[in-house]
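Peer 1: Just so it is clear, I am handing over target-v7.pdb, which has PDB, C-alpha atoms.
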```
ATOM      1  CA  MET A   1     -63.481-130.082  10.137
ATOM      2  CA  ARG A   2     -66.145-131.859  12.174
ATOM      3  CA  ALA A   3     -68.500-128.904  11.748
ATOM      4  CA  ILE A   4     -67.942-128.820   7.974
ATOM      5  CA  ASN A   5     -68.463-132.568   7.700
ATOM      6  CA  SER A   6     -71.666-132.351   9.758
ATOM      7  CA  ALA A   7     -73.411-130.129   7.191
ATOM      8  CA  ARG A   8     -76.603-131.422   5.613
ATOM      9  CA  ALA A   9     -77.785-128.372   3.615
ATOM     10  CA  SER A  10     -75.545-125.287   3.781
ATOM     11  CA  ILE A  11     -72.230-123.821   4.895
ATOM     12  CA  ASP A  12     -71.633-120.064   4.813
ATOM     13  CA  VAL A  13     -68.074-118.928   5.544
ATOM     14  CA  ALA A  14     -66.825-115.429   6.352
ATOM     15  CA  ALA A  15     -63.038-115.323   6.281
ATOM     16  CA  TYR A  16     -60.206-112.880   6.567
ATOM     17  CA  SER A  17     -57.266-114.950   5.346
ATOM     18  CA  PHE A  18     -57.954-118.284   3.672
ATOM     19  CA  THR A  19     -55.040-120.443   2.568
ATOM     20  CA  SER A  20     -55.765-123.788   4.245
ATOM     21  CA  LYS A  21     -55.804-126.530   1.644
ATOM     22  CA  GLN A  22     -57.339-128.955   4.149
ATOM     23  CA  ILE A  23     -60.335-126.709   4.870
ATOM     24  CA  ALA A  24     -60.768-125.740   1.205
ATOM     25  CA  ILE A  25     -60.851-129.423   0.215
ATOM     26  CA  ALA A  26     -63.390-130.178   2.962
ATOM     27  CA  LEU A  27     -65.627-127.366   1.668
ATOM     28  CA  ASP A  28     -65.231-128.627  -1.903
ATOM     29  CA  ASN A  29     -66.143-132.148  -0.763
ATOM     30  CA  ALA A  30     -69.221-130.739   0.981
ATOM     31  CA  SER A  31     -70.189-128.968  -2.222
ATOM     32  CA  LYS A  32     -69.799-132.221  -4.142
ATOM     33  CA  ARG A  33     -72.183-133.848  -1.608
ATOM     34  CA  GLY A  34     -74.815-131.278  -2.600
ATOM     35  CA  ILE A  35     -74.236-128.873   0.298
ATOM     36  CA  ARG A  36     -74.646-125.197  -0.690
ATOM     37  CA  VAL A  37     -71.300-123.570   0.149
ATOM     38  CA  ARG A  38     -70.700-119.813   0.014
ATOM     39  CA  VAL A  39     -67.538-117.974   1.013
ATOM     40  CA  VAL A  40     -67.061-114.241   1.524
ATOM     41  CA  ALA A  41     -63.483-113.182   2.207
ATOM     42  CA  ASP A  42     -61.338-110.087   2.563
ATOM     43  CA  ALA A  43     -60.580-108.770  -0.928
ATOM     44  CA  LYS A  44     -57.019-107.652  -0.232
ATOM     45  CA  ASP A  45     -55.887-110.894   1.364
ATOM     46  CA  ASN A  46     -57.516-113.435  -0.952
ATOM     47  CA  GLY A  47     -57.422-112.309  -4.573
ATOM     48  CA  GLY A  48     -54.193-113.996  -5.654
ATOM     49  CA  GLN A  49     -53.915-116.984  -7.924
ATOM     50  CA  TYR A  50     -52.641-119.187  -5.080
ATOM     51  CA  SER A  51     -55.385-118.314  -2.609
ATOM     52  CA  ALA A  52     -57.662-121.100  -1.412
ATOM     53  CA  VAL A  53     -60.533-118.732  -2.204
ATOM     54  CA  THR A  54     -59.452-118.573  -5.862
ATOM     55  CA  TRP A  55     -59.102-122.368  -5.928
ATOM     56  CA  MET A  56     -62.617-122.832  -4.502
ATOM     57  CA  GLN A  57     -64.023-120.393  -7.052
ATOM     58  CA  HIS A  58     -62.448-122.462  -9.835
ATOM     59  CA  LYS A  59     -64.127-125.523  -8.289
ATOM     60  CA  GLY A  60     -67.529-123.834  -8.682
ATOM     61  CA  ILE A  61     -68.058-122.736  -5.080
ATOM     62  CA  ASP A  62     -69.861-119.400  -4.742
ATOM     63  CA  VAL A  63     -67.246-116.852  -3.656
ATOM     64  CA  ARG A  64     -67.364-113.114  -3.120
ATOM     65  CA  LEU A  65     -64.590-110.788  -2.041
ATOM     66  CA  ASN A  66     -65.433-107.901   0.246
ATOM     67  CA  GLY A  67     -63.136-104.893  -0.091
ATOM     68  CA  ARG A  68     -65.319-102.370   1.689
ATOM     69  CA  TYR A  69     -63.265-102.311   4.892
ATOM     70  CA  ALA A  70     -59.615-101.736   5.764
ATOM     71  CA  THR A  71     -59.806-105.367   6.882
ATOM     72  CA  GLN A  72     -62.789-107.709   6.589
ATOM     73  CA  HIS A  73     -61.587-109.585   9.656
ATOM     74  CA  ASN A  74     -64.440-112.017  10.332
ATOM     75  CA  LYS A  75     -63.742-115.701  10.894
ATOM     76  CA  PHE A  76     -66.904-117.734  11.187
ATOM     77  CA  MET A  77     -69.062-120.393   9.595
ATOM     78  CA  VAL A  78     -72.795-120.952   9.808
ATOM     79  CA  ILE A  79     -73.773-124.554   9.151
ATOM     80  CA  ASP A  80     -77.348-125.523   8.285
ATOM     81  CA  GLY A  81     -78.633-122.359   9.967
ATOM     82  CA  ILE A  82     -78.251-123.910  13.425
ATOM     83  CA  THR A  83     -74.525-124.363  14.135
ATOM     84  CA  THR A  84     -71.874-121.630  14.358
ATOM     85  CA  GLN A  85     -68.079-121.930  14.324
ATOM     86  CA  THR A  86     -66.237-118.751  15.331
ATOM     87  CA  GLY A  87     -63.093-117.478  17.025
ATOM     88  CA  SER A  88     -59.716-115.994  16.152
ATOM     89  CA  PHE A  89     -58.883-118.933  13.870
ATOM     90  CA  ASN A  90     -57.994-117.803  10.342
ATOM     91  CA  TYR A  91     -58.491-120.533   7.772
ATOM     92  CA  THR A  92     -54.756-120.813   7.159
ATOM     93  CA  SER A  93     -51.937-123.307   7.544
ATOM     94  CA  SER A  94     -50.290-120.946  10.034
ATOM     95  CA  ALA A  95     -53.399-120.992  12.219
ATOM     96  CA  ILE A  96     -53.234-124.774  12.262
ATOM     97  CA  LYS A  97     -49.462-125.215  12.694
ATOM     98  CA  ARG A  98     -47.853-122.074  14.156
ATOM     99  CA  ASN A  99     -50.247-119.601  15.762
ATOM    100  CA  ALA A 100     -52.024-119.435  19.085
ATOM    101  CA  GLU A 101     -55.616-119.429  17.826
ATOM    102  CA  ASN A 102     -58.992-120.312  19.259
ATOM    103  CA  THR A 103     -62.241-121.551  17.845
ATOM    104  CA  ILE A 104     -65.535-122.652  19.258
ATOM    105  CA  VAL A 105     -68.364-124.567  17.656
ATOM    106  CA  ILE A 106     -71.790-123.745  19.033
ATOM    107  CA  TRP A 107     -73.849-126.781  18.055
ATOM    108  CA  ASN A 108     -77.612-126.712  17.483
ATOM    109  CA  GLU A 109     -78.207-123.140  18.650
ATOM    110  CA  PRO A 110     -80.384-121.469  15.998
ATOM    111  CA  LEU A 111     -80.577-118.053  17.729
ATOM    112  CA  THR A 112     -76.797-117.668  17.692
ATOM    113  CA  ALA A 113     -76.583-119.014  14.144
ATOM    114  CA  SER A 114     -79.262-116.553  13.044
ATOM    115  CA  ALA A 115     -77.263-113.566  14.302
ATOM    116  CA  TYR A 116     -74.161-114.760  12.457
ATOM    117  CA  GLN A 117     -76.231-115.570   9.375
ATOM    118  CA  GLN A 118     -77.498-111.974   9.253
ATOM    119  CA  GLU A 119     -73.917-110.707   9.361
ATOM    120  CA  PHE A 120     -72.897-113.156   6.649
ATOM    121  CA  GLU A 121     -75.744-111.990   4.398
ATOM    122  CA  ARG A 122     -74.730-108.355   4.909
ATOM    123  CA  LEU A 123     -71.096-109.095   4.020
ATOM    124  CA  TRP A 124     -72.202-111.237   1.077
ATOM    125  CA  GLN A 125     -74.354-108.421  -0.347
ATOM    126  CA  GLU A 126     -71.428-106.009  -0.078
ATOM    127  CA  GLY A 127     -69.058-108.397  -1.858
ATOM    128  CA  SER A 128     -68.406-108.939  -5.519
TER     129      SER A 128
END
```
For the file at hand, write its structure as structure tokens.
Peer 2:
Amino acid sequence: MRAINSARASIDVAAYSFTSKQIAIALDNASKRGIRVRVVADAKDNGGQYSAVTWMQHKGIDVRLNGRYATQHNKFMVIDGITTQTGSFNYTSSAIKRNAENTIVIWNEPLTASAYQQEFERLWQEGS
């Protein structure tokens, strides 16, 4: 949440499973602050009407689903092109409340963010 709230220009999210209301609301709030938010998520796990991805799309956030892989299993964010959040943490309620998950935020490291940004752009171009 701190990484999302730190954004000044952009947040790009690659997600496998995305059901966390708390994170979806934070991304929507960032969008309302004028932050460009884009989300690419696994097509099979996020297409339902109750998915946070569907909710964000209805809120006007740019969303693409990537169905090219058996599982699009990425879990990372690139914030402002300089900060990266990554780890095993799915953006789900279970990840927050029940699972053993990990995440790391690499603050102000543009070289790392650039590598993740390239992967995000590739996944984004593959999505629809």
Peer 1: Taking the file as I've supplied it (selection: the PyMOL selection byres ((chain A and resi 75) around 12)), which residues are included? Please answer as number ranges by chain.
Peer 2: A: 12-18, 39-42, 71-74, 76-78, 84-92, 95, 101-104, 116, 119-120
Peer 1: Those selected residues, please, written with C-alpha atoms and delivered as a short mmCIF file (atom, residue, chain, number, x, y, z; two decimals), keeping the file's coordinate frame.
Peer 2:
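And here is the file that came out, selection29.cif:
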```
data_model
loop_
_atom_site.label_atom_id
_atom_site.label_comp_id
_atom_site.auth_asym_id
_atom_site.auth_seq_id
_atom_site.Cartn_x
_atom_site.Cartn_y
_atom_site.Cartn_z
CA ASP A 12 -71.63 -120.06 4.81
CA VAL A 13 -68.07 -118.93 5.54
CA ALA A 14 -66.82 -115.43 6.35
CA ALA A 15 -63.04 -115.32 6.28
CA TYR A 16 -60.21 -112.88 6.57
CA SER A 17 -57.27 -114.95 5.35
CA PHE A 18 -57.95 -118.28 3.67
CA VAL A 39 -67.54 -117.97 1.01
CA VAL A 40 -67.06 -114.24 1.52
CA ALA A 41 -63.48 -113.18 2.21
CA ASP A 42 -61.34 -110.09 2.56
CA THR A 71 -59.81 -105.37 6.88
CA GLN A 72 -62.79 -107.71 6.59
CA HIS A 73 -61.59 -109.58 9.66
CA ASN A 74 -64.44 -112.02 10.33
CA PHE A 76 -66.90 -117.73 11.19
CA MET A 77 -69.06 -120.39 9.60
CA VAL A 78 -72.80 -120.95 9.81
CA THR A 84 -71.87 -121.63 14.36
CA GLN A 85 -68.08 -121.93 14.32
CA THR A 86 -66.24 -118.75 15.33
CA GLY A 87 -63.09 -117.48 17.02
CA SER A 88 -59.72 -115.99 16.15
CA PHE A 89 -58.88 -118.93 13.87
CA ASN A 90 -57.99 -117.80 10.34
CA TYR A 91 -58.49 -120.53 7.77
CA THR A 92 -54.76 -120.81 7.16
CA ALA A 95 -53.40 -120.99 12.22
CA GLU A 101 -55.62 -119.43 17.83
CA ASN A 102 -58.99 -120.31 19.26
CA THR A 103 -62.24 -121.55 17.84
CA ILE A 104 -65.54 -122.65 19.26
CA TYR A 116 -74.16 -114.76 12.46
CA GLU A 119 -73.92 -110.71 9.36
CA PHE A 120 -72.90 -113.16 6.65
#
```
Peer 1: Any chance you could work out the axis-aligned box around region 108-113 of chain A, listed atoms only, 5 Å on each side, giving centre and edge lengths in Å to one decimal, as JSON?
Peer 2:
```
{"center_x": -78.6, "center_y": -122.2, "center_z": 16.4, "size_x": 14.0, "size_y": 19.0, "size_z": 14.5}
```
Peer 1: For region 61-65 of chain A, list every protein, DNA or RNA residue within 8 Å, evaluated using only C-alpha atoms, and leave out those in the same chain fewer than 6 positions away; present the list as a list in words.
Peer 2: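 The residues satisfying every condition are Asp28, Ser31, Val37, Arg38, Val39, Val40, Ala41, Asp42, Ala43, Asn46, Gly47, Val53, Trp124, Gly127 and Ser128 of chain A.
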Peer 1: Quick one: residues within 7 Å of Gly81 (chain A), only C-alpha atoms counted, chain neighbours fewer than 5 positions away excluded, as an MDAnalysis selection string?
Peer 2: chainID A and resid 110 113:114
Peer 1: One decimal, in Å: what's the spacing between CA of Gln117 (chain A) and CA of Thr83 (chain A)?
Peer 2: 10.1 Å
Peer 1: Under the PyMOL selection byres ((chain A and resi 6) around 12), which residues of this model are included? Write them out as a PDB file with C-alpha atoms, keeping the file's coordinate frame.
Peer 2:
```pdb
ATOM      1  CA  MET A   1     -63.481-130.082  10.137  1.00  0.00           C
ATOM      2  CA  ARG A   2     -66.145-131.859  12.174  1.00  0.00           C
ATOM      3  CA  ALA A   3     -68.500-128.904  11.748  1.00  0.00           C
ATOM      4  CA  ILE A   4     -67.942-128.820   7.974  1.00  0.00           C
ATOM      5  CA  ASN A   5     -68.463-132.568   7.700  1.00  0.00           C
ATOM      6  CA  ALA A   7     -73.411-130.129   7.191  1.00  0.00           C
ATOM      7  CA  ARG A   8     -76.603-131.422   5.613  1.00  0.00           C
ATOM      8  CA  ALA A   9     -77.785-128.372   3.615  1.00  0.00           C
ATOM      9  CA  SER A  10     -75.545-125.287   3.781  1.00  0.00           C
ATOM     10  CA  ILE A  11     -72.230-123.821   4.895  1.00  0.00           C
ATOM     11  CA  ALA A  26     -63.390-130.178   2.962  1.00  0.00           C
ATOM     12  CA  LEU A  27     -65.627-127.366   1.668  1.00  0.00           C
ATOM     13  CA  ASN A  29     -66.143-132.148  -0.763  1.00  0.00           C
ATOM     14  CA  ALA A  30     -69.221-130.739   0.981  1.00  0.00           C
ATOM     15  CA  ARG A  33     -72.183-133.848  -1.608  1.00  0.00           C
ATOM     16  CA  ILE A  35     -74.236-128.873   0.298  1.00  0.00           C
ATOM     17  CA  VAL A  78     -72.795-120.952   9.808  1.00  0.00           C
ATOM     18  CA  ILE A  79     -73.773-124.554   9.151  1.00  0.00           C
ATOM     19  CA  ASP A  80     -77.348-125.523   8.285  1.00  0.00           C
ATOM     20  CA  ILE A  82     -78.251-123.910  13.425  1.00  0.00           C
ATOM     21  CA  THR A  83     -74.525-124.363  14.135  1.00  0.00           C
ATOM     22  CA  THR A  84     -71.874-121.630  14.358  1.00  0.00           C
ATOM     23  CA  GLN A  85     -68.079-121.930  14.324  1.00  0.00           C
ATOM     24  CA  VAL A 105     -68.364-124.567  17.656  1.00  0.00           C
ATOM     25  CA  TRP A 107     -73.849-126.781  18.055  1.00  0.00           C
ATOM     26  CA  ASN A 108     -77.612-126.712  17.483  1.00  0.00           C
TER      27      ASN A 108
END
```
Peer 1: Could you tell me how far CA of Gly60 (chain A) lies from CA of Arg36 (chain A), in Å and to one decimal?
Peer 2: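 Going from CA of Gly60 (chain A) over to CA of Arg36 (chain A), I get 10.8 Å.
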